[in-house]
Amino acid sequence: MNVVKEVPHETGNALGAFIEEVKKRNRHEPEFIQAVYEVSESIIPYIERHPIYKKKKILERIVEPERVIMFRVPWLNDKGEIEINRGYRIQMNSAIGPYKGGLRFHPSVNLSILKFLAFEQVFKNSLTGLPMGAGKGGADFDTKGRSDNEIMKFCQSFMTELYRHVGHDLDVPAGDIGVGGKEIGYLFGQYKRIKNEFTGVLTGKGTVYGGSMIRPEATGYGLVYFASEMLATRNDSLKGKTVVQSGSGNVAQFTIEKCIEEGAKVVTISDSDGFVYDPKGIDREKLQFIFELKNERRGRISEYAKKFDCEFFEGERPWKIKCDIAFPNATQNELDEADAQALINNGCICVAEGANMPCTTEAIHAFEKADILYGPGKAANAGGVAVSGLEMSQNSLRYAWTRKEVDERLRTS
Ligand code: NDP
């Protein structure tokens with residue numbers, strides 16, 4: 001699912017003129033244009049009222065990456081054949097600190113997707129209040145069906161070029177889709193060999209070599225904390241609520257874990273093949289099965305349906321299932337206007353984005369019109385990068401905070 005959305009056509013106003021210019025300069029980059037549109041729509045009225053930002057061309061500057069790096073990643077597969085992928089690092093903005101943002105390994109990766117992610121990261125990172133600039137990177141490499149040996153060889157080749165562009169005071173990547181603890185370990189090992197130094201150049205590392213407690217959990221936990229705060233504004237809580245969520249990767253897994261702790265019932269889980277509906281709810285035992293299925297065996301989510309006797313909806317998304325709360329936790333543009341309407345009609349009261357830009361512009365407008373709680377990813381999924389910021393501080397101090405200390409900082413950030 002790599003859905004591309006056209007942004008609404010605006011004419012005769014400041015937003016329309018600005019977006020036309022962005023489109024002209026970034027032809028063939030629909031996701032990037034969509035992300036810029038969503039931000040511009042809310043901040044251009046403010047800029048219009050404050051000419052200083054207009055005069056200094058703040059918006060024009062912020063949509064232009066400081067640097068774009070694109071490189072060849074050649075590597076040898078298990079059959080001894082040469083494979084070539086394309087690697088990227090977008091160094092978007094270093095106004096308030098070193099570039100910071102994840103690496104995505106997925107066949108859909110291209111310049112447009114990484115530029116949209118890097119652009120979103122600018123706002124997300126500054127919202128944490130930590131001194132982090134913004135970047136994003138990755139490769140059009142599919143980890144699915146690859147042996148550990150192949151993933152290691154790919155990561156080593158990727159870092160053999162990337163190492164010269166990153167550093168603990170310059171650019172500190174982390175994980176994203178397709179890049180978890182294992183990949184970060186291979187990347188860090190190669191960086192260390194080439195540079196002959198042990199520094200905090202990556203976050204999301206294993207705890208025995210400089211990783212922070214709670215980093216794997218941080219995005220999912222942070223998302224649930226964020227939703228709890230949103231509900232509290234309406235004197236409500238997660239307890240007893242039915243939750244529909246997408247994805248079965250890092251963000252999804254720890255969203256489910258925290259929902260269970262908070263007394264909510266999660267009834268869906270998905271991957272790119274379709275979704276499972278489990279009306280009884282995912283409990284701790286079923287979550288253990290998901291951890292093992294997805295993180296160790298790297299299997300398909302349809303196996304969950306077989307194991308726990310639930311229905312599997314092939315090629316479908318979970319938004320038509322009745323719920324109180326929805327967490328889109330898989331990928332960009334996975335929830336469109338019709339999905340939003342289905343959620344609203346079924347009585348959903350809160351949507352918080354675990355993924356980056358999962359809701360289309362039209363879906364967001366529908367939530368706003370229905371006056372339900374809506375948490376954009378730039379704020380709702382910032383728990384991961386907030387703990388990455390804490391990992392950078394711990395690495396600089398050569399110190400490790402306890403699980404409780406990091407969780408407390410995440411909850412209050
Ligand atoms: P993972 O790789 O761990 O999991 C991604 C999940 O989404 C998998 O279940 C995957 O299914 C599914 N998915 C990926 N691409 C598609 C697609 N095109 N269509 C349908 N399903 C898809 O990634 P994360 O959990 O880390 O990331 C999920 C989202 O959260 C991304 O948008 C990411 O940018 C965002 N995010 C992640 C953070 C983090 O700390 N990891 C921080 C902030 C945001 P399959 O296995 O079949 O591909």
# chains A, B, ... in the order shown; residues from 1 in each chain; ligands from 1
>>> residues_around(residues="A:Lys378", least_positions_apart="4", cutoff="8 Å", atoms="only C-alpha atoms", output="ChimeraX atom specification")
/A:120-121,123-124,127,356,382
>>> write_last_selection(atoms="N, CA, C and O atoms", output="short mmCIF file (atom, residue, chain, number, x, y, z; two decimals), in the first residue's frame")
data_model
loop_
_atom_site.label_atom_id
_atom_site.label_comp_id
_atom_site.auth_asym_id
_atom_site.auth_seq_id
_atom_site.Cartn_x
_atom_site.Cartn_y
_atom_site.Cartn_z
N GLU A 120 8.32 16.38 8.59
CA GLU A 120 7.50 16.16 9.80
C GLU A 120 8.39 16.15 11.05
O GLU A 120 8.01 16.63 12.11
N GLN A 121 9.57 15.58 10.87
CA GLN A 121 10.49 15.42 12.00
C GLN A 121 10.93 16.78 12.57
O GLN A 121 11.19 16.90 13.76
N PHE A 123 9.17 19.42 13.08
CA PHE A 123 8.18 19.92 14.05
C PHE A 123 8.10 18.99 15.25
O PHE A 123 8.01 19.43 16.39
N LYS A 124 8.15 17.68 14.97
CA LYS A 124 8.07 16.70 16.06
C LYS A 124 9.22 16.89 17.05
O LYS A 124 9.01 16.96 18.25
N LEU A 127 8.95 19.99 19.11
CA LEU A 127 7.88 19.88 20.11
C LEU A 127 8.33 19.17 21.39
O LEU A 127 7.76 19.40 22.45
N ASN A 356 3.51 8.02 10.88
CA ASN A 356 3.69 9.36 10.35
C ASN A 356 2.75 9.58 9.17
O ASN A 356 2.76 8.78 8.23
N ALA A 382 5.66 11.31 19.20
CA ALA A 382 6.98 11.90 19.49
C ALA A 382 7.68 11.22 20.67
O ALA A 382 8.83 11.55 20.98
#
>>> residues_around(residues="A:Leu293", least_positions_apart="3", cutoff="12 Å", atoms="only C-alpha atoms", output="list in words")
Ser248, Gly249, Gln253, Lys286, Leu287, Gln288, Phe289, Ile290, Glu296, Arg297, Arg298, Gly299, Arg300, Ile301, Ser302, Glu303, Tyr304 and Lys307 of chain A
>>> write_last_selection(atoms="N, CA, C and O atoms", output="PDB file, in the first residue's frame")
ATOM      1  N   SER A 248       1.679  -4.235  13.008  1.00  0.00           N
ATOM      2  CA  SER A 248       2.040  -5.245  14.004  1.00  0.00           C
ATOM      3  C   SER A 248       3.537  -5.162  14.289  1.00  0.00           C
ATOM      4  O   SER A 248       4.159  -6.109  14.737  1.00  0.00           O
ATOM      5  N   GLY A 249       4.109  -3.985  13.991  1.00  0.00           N
ATOM      6  CA  GLY A 249       5.543  -3.786  14.203  1.00  0.00           C
ATOM      7  C   GLY A 249       5.811  -3.139  15.554  1.00  0.00           C
ATOM      8  O   GLY A 249       5.010  -3.272  16.494  1.00  0.00           O
ATOM      9  N   GLN A 253       3.057  -2.988  18.569  1.00  0.00           N
ATOM     10  CA  GLN A 253       3.239  -3.943  19.678  1.00  0.00           C
ATOM     11  C   GLN A 253       3.200  -3.253  21.043  1.00  0.00           C
ATOM     12  O   GLN A 253       2.545  -3.715  21.979  1.00  0.00           O
ATOM     13  N   LYS A 286      -1.504 -13.479  24.069  1.00  0.00           N
ATOM     14  CA  LYS A 286      -1.559 -13.299  22.613  1.00  0.00           C
ATOM     15  C   LYS A 286      -0.481 -12.311  22.153  1.00  0.00           C
ATOM     16  O   LYS A 286       0.093 -12.465  21.074  1.00  0.00           O
ATOM     17  N   LEU A 287      -0.211 -11.314  22.997  1.00  0.00           N
ATOM     18  CA  LEU A 287       0.836 -10.336  22.639  1.00  0.00           C
ATOM     19  C   LEU A 287       2.213 -11.013  22.603  1.00  0.00           C
ATOM     20  O   LEU A 287       3.036 -10.719  21.726  1.00  0.00           O
ATOM     21  N   GLN A 288       2.448 -11.940  23.521  1.00  0.00           N
ATOM     22  CA  GLN A 288       3.714 -12.699  23.507  1.00  0.00           C
ATOM     23  C   GLN A 288       3.859 -13.432  22.181  1.00  0.00           C
ATOM     24  O   GLN A 288       4.945 -13.489  21.591  1.00  0.00           O
ATOM     25  N   PHE A 289       2.743 -14.005  21.718  1.00  0.00           N
ATOM     26  CA  PHE A 289       2.759 -14.716  20.433  1.00  0.00           C
ATOM     27  C   PHE A 289       3.143 -13.734  19.304  1.00  0.00           C
ATOM     28  O   PHE A 289       3.931 -14.066  18.424  1.00  0.00           O
ATOM     29  N   ILE A 290       2.580 -12.502  19.372  1.00  0.00           N
ATOM     30  CA  ILE A 290       2.882 -11.503  18.333  1.00  0.00           C
ATOM     31  C   ILE A 290       4.371 -11.125  18.369  1.00  0.00           C
ATOM     32  O   ILE A 290       5.030 -11.026  17.329  1.00  0.00           O
ATOM     33  N   GLU A 296      10.863 -12.451  15.946  1.00  0.00           N
ATOM     34  CA  GLU A 296      11.825 -13.551  15.808  1.00  0.00           C
ATOM     35  C   GLU A 296      11.620 -14.323  14.516  1.00  0.00           C
ATOM     36  O   GLU A 296      12.527 -14.434  13.708  1.00  0.00           O
ATOM     37  N   ARG A 297      10.368 -14.799  14.305  1.00  0.00           N
ATOM     38  CA  ARG A 297      10.147 -15.611  13.092  1.00  0.00           C
ATOM     39  C   ARG A 297       9.881 -14.765  11.865  1.00  0.00           C
ATOM     40  O   ARG A 297       9.928 -15.219  10.743  1.00  0.00           O
ATOM     41  N   ARG A 298       9.559 -13.492  12.085  1.00  0.00           N
ATOM     42  CA  ARG A 298       9.214 -12.577  10.989  1.00  0.00           C
ATOM     43  C   ARG A 298       8.113 -13.161  10.089  1.00  0.00           C
ATOM     44  O   ARG A 298       8.219 -13.147   8.866  1.00  0.00           O
ATOM     45  N   GLY A 299       7.056 -13.680  10.751  1.00  0.00           N
ATOM     46  CA  GLY A 299       5.947 -14.306  10.015  1.00  0.00           C
ATOM     47  C   GLY A 299       4.854 -13.317   9.679  1.00  0.00           C
ATOM     48  O   GLY A 299       4.975 -12.107   9.918  1.00  0.00           O
ATOM     49  N   ARG A 300       3.752 -13.822   9.122  1.00  0.00           N
ATOM     50  CA  ARG A 300       2.631 -12.980   8.688  1.00  0.00           C
ATOM     51  C   ARG A 300       1.530 -12.987   9.759  1.00  0.00           C
ATOM     52  O   ARG A 300       1.312 -13.991  10.436  1.00  0.00           O
ATOM     53  N   ILE A 301       0.776 -11.887   9.852  1.00  0.00           N
ATOM     54  CA  ILE A 301      -0.204 -11.734  10.936  1.00  0.00           C
ATOM     55  C   ILE A 301      -1.389 -12.682  10.758  1.00  0.00           C
ATOM     56  O   ILE A 301      -2.100 -12.988  11.728  1.00  0.00           O
ATOM     57  N   SER A 302      -1.589 -13.209   9.541  1.00  0.00           N
ATOM     58  CA  SER A 302      -2.678 -14.176   9.338  1.00  0.00           C
ATOM     59  C   SER A 302      -2.496 -15.403  10.242  1.00  0.00           C
ATOM     60  O   SER A 302      -3.473 -16.068  10.603  1.00  0.00           O
ATOM     61  N   GLU A 303      -1.253 -15.675  10.662  1.00  0.00           N
ATOM     62  CA  GLU A 303      -1.010 -16.817  11.568  1.00  0.00           C
ATOM     63  C   GLU A 303      -1.707 -16.622  12.914  1.00  0.00           C
ATOM     64  O   GLU A 303      -2.084 -17.572  13.581  1.00  0.00           O
ATOM     65  N   TYR A 304      -1.828 -15.346  13.338  1.00  0.00           N
ATOM     66  CA  TYR A 304      -2.529 -15.038  14.595  1.00  0.00           C
ATOM     67  C   TYR A 304      -3.974 -15.498  14.483  1.00  0.00           C
ATOM     68  O   TYR A 304      -4.532 -16.094  15.408  1.00  0.00           O
ATOM     69  N   LYS A 307      -4.139 -19.242  14.785  1.00  0.00           N
ATOM     70  CA  LYS A 307      -3.809 -19.722  16.133  1.00  0.00           C
ATOM     71  C   LYS A 307      -4.940 -19.438  17.128  1.00  0.00           C
ATOM     72  O   LYS A 307      -5.258 -20.271  17.976  1.00  0.00           O
TER      73      LYS A 307
END
>>> residues_around(residues="A:Gly274", least_positions_apart="2", cutoff="7 Å", atoms="only C-alpha atoms", output="PyMOL selection string")
chain A and resi 270-272+313-317
>>> write_last_selection(atoms="all heavy atoms", output="tab-separated table (two decimals), in the first residue's frame")
chain	number	residue	atom	x	y	z
A	270	SER	N	-2.69	-5.72	12.24
A	270	SER	CA	-2.61	-5.92	10.78
A	270	SER	C	-1.16	-5.95	10.30
A	270	SER	O	-0.23	-5.62	11.04
A	270	SER	CB	-3.35	-4.78	10.06
A	270	SER	OG	-2.63	-3.58	10.15
A	271	ASP	N	-0.98	-6.36	9.05
A	271	ASP	CA	0.27	-6.11	8.35
A	271	ASP	C	-0.10	-5.82	6.89
A	271	ASP	O	-1.29	-5.63	6.59
A	271	ASP	CB	1.31	-7.23	8.53
A	271	ASP	CG	0.87	-8.58	8.01
A	271	ASP	OD1	-0.06	-8.62	7.17
A	271	ASP	OD2	1.45	-9.59	8.43
A	272	SER	N	0.88	-5.81	6.01
A	272	SER	CA	0.55	-5.37	4.65
A	272	SER	C	-0.31	-6.40	3.90
A	272	SER	O	-0.80	-6.11	2.81
A	272	SER	CB	1.81	-5.03	3.86
A	272	SER	OG	2.77	-6.03	4.01
A	313	PHE	N	-9.08	-10.56	7.51
A	313	PHE	CA	-9.63	-9.82	6.37
A	313	PHE	C	-8.49	-9.51	5.41
A	313	PHE	O	-7.76	-8.52	5.61
A	313	PHE	CB	-10.32	-8.53	6.84
A	313	PHE	CG	-11.54	-8.77	7.68
A	313	PHE	CD1	-11.43	-9.07	9.03
A	313	PHE	CD2	-12.81	-8.70	7.12
A	313	PHE	CE1	-12.56	-9.29	9.81
A	313	PHE	CE2	-13.95	-8.92	7.89
A	313	PHE	CZ	-13.82	-9.23	9.23
A	314	GLU	N	-8.35	-10.33	4.39
A	314	GLU	CA	-7.21	-10.19	3.47
A	314	GLU	C	-7.31	-8.90	2.66
A	314	GLU	O	-8.38	-8.57	2.13
A	314	GLU	CB	-7.16	-11.39	2.52
A	314	GLU	CG	-5.83	-11.47	1.82
A	314	GLU	CD	-5.69	-12.71	0.95
A	314	GLU	OE1	-6.46	-13.66	1.13
A	314	GLU	OE2	-4.78	-12.67	0.11
A	315	GLY	N	-6.21	-8.17	2.59
A	315	GLY	CA	-6.13	-6.96	1.78
A	315	GLY	C	-6.97	-5.80	2.29
A	315	GLY	O	-7.17	-4.81	1.59
A	316	GLU	N	-7.48	-5.92	3.54
A	316	GLU	CA	-8.34	-4.84	4.05
A	316	GLU	C	-7.71	-4.11	5.24
A	316	GLU	O	-6.78	-4.61	5.86
A	316	GLU	CB	-9.69	-5.43	4.49
A	316	GLU	CG	-10.52	-5.90	3.31
A	316	GLU	CD	-11.93	-6.29	3.75
A	316	GLU	OE1	-12.53	-5.57	4.57
A	316	GLU	OE2	-12.41	-7.34	3.27
A	317	ARG	N	-8.28	-2.93	5.54
A	317	ARG	CA	-7.80	-2.13	6.66
A	317	ARG	C	-8.85	-2.17	7.77
A	317	ARG	O	-10.04	-2.38	7.49
A	317	ARG	CB	-7.56	-0.70	6.20
A	317	ARG	CG	-6.66	-0.66	4.96
A	317	ARG	CD	-6.24	0.74	4.58
A	317	ARG	NE	-7.28	1.53	3.98
A	317	ARG	CZ	-7.05	2.55	3.16
A	317	ARG	NH1	-5.80	2.87	2.87
A	317	ARG	NH2	-8.04	3.25	2.66
>>> closest_residue(among="A:Ser212, A:Ser157, A:Leu170, A:Ser40", to="A:Ile58", atoms="only C-alpha atoms")
A:Ser40
>>> residues_around(residues="A:Ile372", least_positions_apart="4", cutoff="7 Å", atoms="only C-alpha atoms", output="MDAnalysis selection string")
chainID A and resid 349:350 367:368
>>> write_last_selection(atoms="N, CA and C atoms", output="CSV table (one decimal), in the first residue's frame")
chain,number,residue,atom,x,y,z
A,349,ILE,N,-14.3,8.2,19.3
A,349,ILE,CA,-14.2,9.5,19.9
A,349,ILE,C,-12.8,10.1,19.9
A,350,CYS,N,-11.8,9.2,19.5
A,350,CYS,CA,-10.5,9.7,19.6
A,350,CYS,C,-9.6,9.0,18.6
A,367,PHE,N,-12.4,14.5,10.8
A,367,PHE,CA,-12.3,14.4,12.3
A,367,PHE,C,-12.6,15.7,12.9
A,368,GLU,N,-12.0,16.8,12.3
A,368,GLU,CA,-12.1,18.1,12.9
A,368,GLU,C,-13.6,18.6,12.8
>>> closest_residue(among="A:Gly167, A:Gly375, A:Gly137, A:Gly175", to="A:Ala326", atoms="only C-alpha atoms")
A:Gly375
>>> closest_residue(among="A:Arg104, A:Lys239, A:His28, A:Arg49", to="ligand 1", atoms="only C-alpha atoms and all ligand atoms")
A:Arg104
>>> decode(residues="stretch 236-255 of chain A", atoms="N, CA and C atoms", output="PDB file, in the first residue's frame")
ATOM      1  N   ASP A 236     -12.362  11.879  30.551  1.00  0.00           N
ATOM      2  CA  ASP A 236     -12.531  10.479  30.170  1.00  0.00           C
ATOM      3  C   ASP A 236     -11.177   9.767  30.278  1.00  0.00           C
ATOM      4  N   SER A 237     -11.162   8.454  30.113  1.00  0.00           N
ATOM      5  CA  SER A 237      -9.899   7.708  30.180  1.00  0.00           C
ATOM      6  C   SER A 237      -9.993   6.495  29.259  1.00  0.00           C
ATOM      7  N   LEU A 238      -8.871   5.750  29.199  1.00  0.00           N
ATOM      8  CA  LEU A 238      -8.819   4.570  28.322  1.00  0.00           C
ATOM      9  C   LEU A 238      -9.533   3.358  28.905  1.00  0.00           C
ATOM     10  N   LYS A 239      -9.728   3.382  30.180  1.00  0.00           N
ATOM     11  CA  LYS A 239     -10.279   2.213  30.877  1.00  0.00           C
ATOM     12  C   LYS A 239     -11.615   1.773  30.265  1.00  0.00           C
ATOM     13  N   GLY A 240     -11.672   0.507  29.894  1.00  0.00           N
ATOM     14  CA  GLY A 240     -12.910  -0.053  29.357  1.00  0.00           C
ATOM     15  C   GLY A 240     -13.179   0.285  27.895  1.00  0.00           C
ATOM     16  N   LYS A 241     -12.250   0.997  27.260  1.00  0.00           N
ATOM     17  CA  LYS A 241     -12.487   1.412  25.869  1.00  0.00           C
ATOM     18  C   LYS A 241     -12.093   0.300  24.890  1.00  0.00           C
ATOM     19  N   THR A 242     -12.749   0.292  23.729  1.00  0.00           N
ATOM     20  CA  THR A 242     -12.376  -0.636  22.652  1.00  0.00           C
ATOM     21  C   THR A 242     -11.478   0.115  21.671  1.00  0.00           C
ATOM     22  N   VAL A 243     -10.349  -0.507  21.344  1.00  0.00           N
ATOM     23  CA  VAL A 243      -9.344   0.143  20.497  1.00  0.00           C
ATOM     24  C   VAL A 243      -9.159  -0.641  19.200  1.00  0.00           C
ATOM     25  N   VAL A 244      -9.139   0.098  18.087  1.00  0.00           N
ATOM     26  CA  VAL A 244      -8.776  -0.485  16.800  1.00  0.00           C
ATOM     27  C   VAL A 244      -7.445   0.127  16.399  1.00  0.00           C
ATOM     28  N   GLN A 245      -6.494  -0.711  16.017  1.00  0.00           N
ATOM     29  CA  GLN A 245      -5.198  -0.176  15.612  1.00  0.00           C
ATOM     30  C   GLN A 245      -4.667  -0.982  14.434  1.00  0.00           C
ATOM     31  N   SER A 246      -3.767  -0.372  13.663  1.00  0.00           N
ATOM     32  CA  SER A 246      -3.179  -1.055  12.502  1.00  0.00           C
ATOM     33  C   SER A 246      -1.700  -1.313  12.750  1.00  0.00           C
ATOM     34  N   GLY A 247      -1.130  -2.206  11.908  1.00  0.00           N
ATOM     35  CA  GLY A 247       0.288  -2.541  12.041  1.00  0.00           C
ATOM     36  C   GLY A 247       0.489  -3.620  13.083  1.00  0.00           C
ATOM     37  N   SER A 248       1.679  -4.235  13.008  1.00  0.00           N
ATOM     38  CA  SER A 248       2.040  -5.245  14.004  1.00  0.00           C
ATOM     39  C   SER A 248       3.537  -5.162  14.289  1.00  0.00           C
ATOM     40  N   GLY A 249       4.109  -3.985  13.991  1.00  0.00           N
ATOM     41  CA  GLY A 249       5.543  -3.786  14.203  1.00  0.00           C
ATOM     42  C   GLY A 249       5.811  -3.139  15.554  1.00  0.00           C
ATOM     43  N   ASN A 250       6.905  -2.412  15.623  1.00  0.00           N
ATOM     44  CA  ASN A 250       7.351  -1.834  16.891  1.00  0.00           C
ATOM     45  C   ASN A 250       6.279  -0.953  17.539  1.00  0.00           C
ATOM     46  N   VAL A 251       5.754   0.003  16.798  1.00  0.00           N
ATOM     47  CA  VAL A 251       4.795   0.952  17.386  1.00  0.00           C
ATOM     48  C   VAL A 251       3.524   0.214  17.810  1.00  0.00           C
ATOM     49  N   ALA A 252       3.027  -0.667  16.949  1.00  0.00           N
ATOM     50  CA  ALA A 252       1.794  -1.403  17.239  1.00  0.00           C
ATOM     51  C   ALA A 252       1.960  -2.267  18.495  1.00  0.00           C
ATOM     52  N   GLN A 253       3.057  -2.988  18.569  1.00  0.00           N
ATOM     53  CA  GLN A 253       3.239  -3.943  19.678  1.00  0.00           C
ATOM     54  C   GLN A 253       3.200  -3.253  21.043  1.00  0.00           C
ATOM     55  N   PHE A 254       3.883  -2.102  21.136  1.00  0.00           N
ATOM     56  CA  PHE A 254       3.947  -1.461  22.457  1.00  0.00           C
ATOM     57  C   PHE A 254       2.732  -0.569  22.730  1.00  0.00           C
ATOM     58  N   THR A 255       2.005  -0.210  21.669  1.00  0.00           N
ATOM     59  CA  THR A 255       0.702   0.441  21.875  1.00  0.00           C
ATOM     60  C   THR A 255      -0.226  -0.576  22.532  1.00  0.00           C
TER      61      THR A 255
END
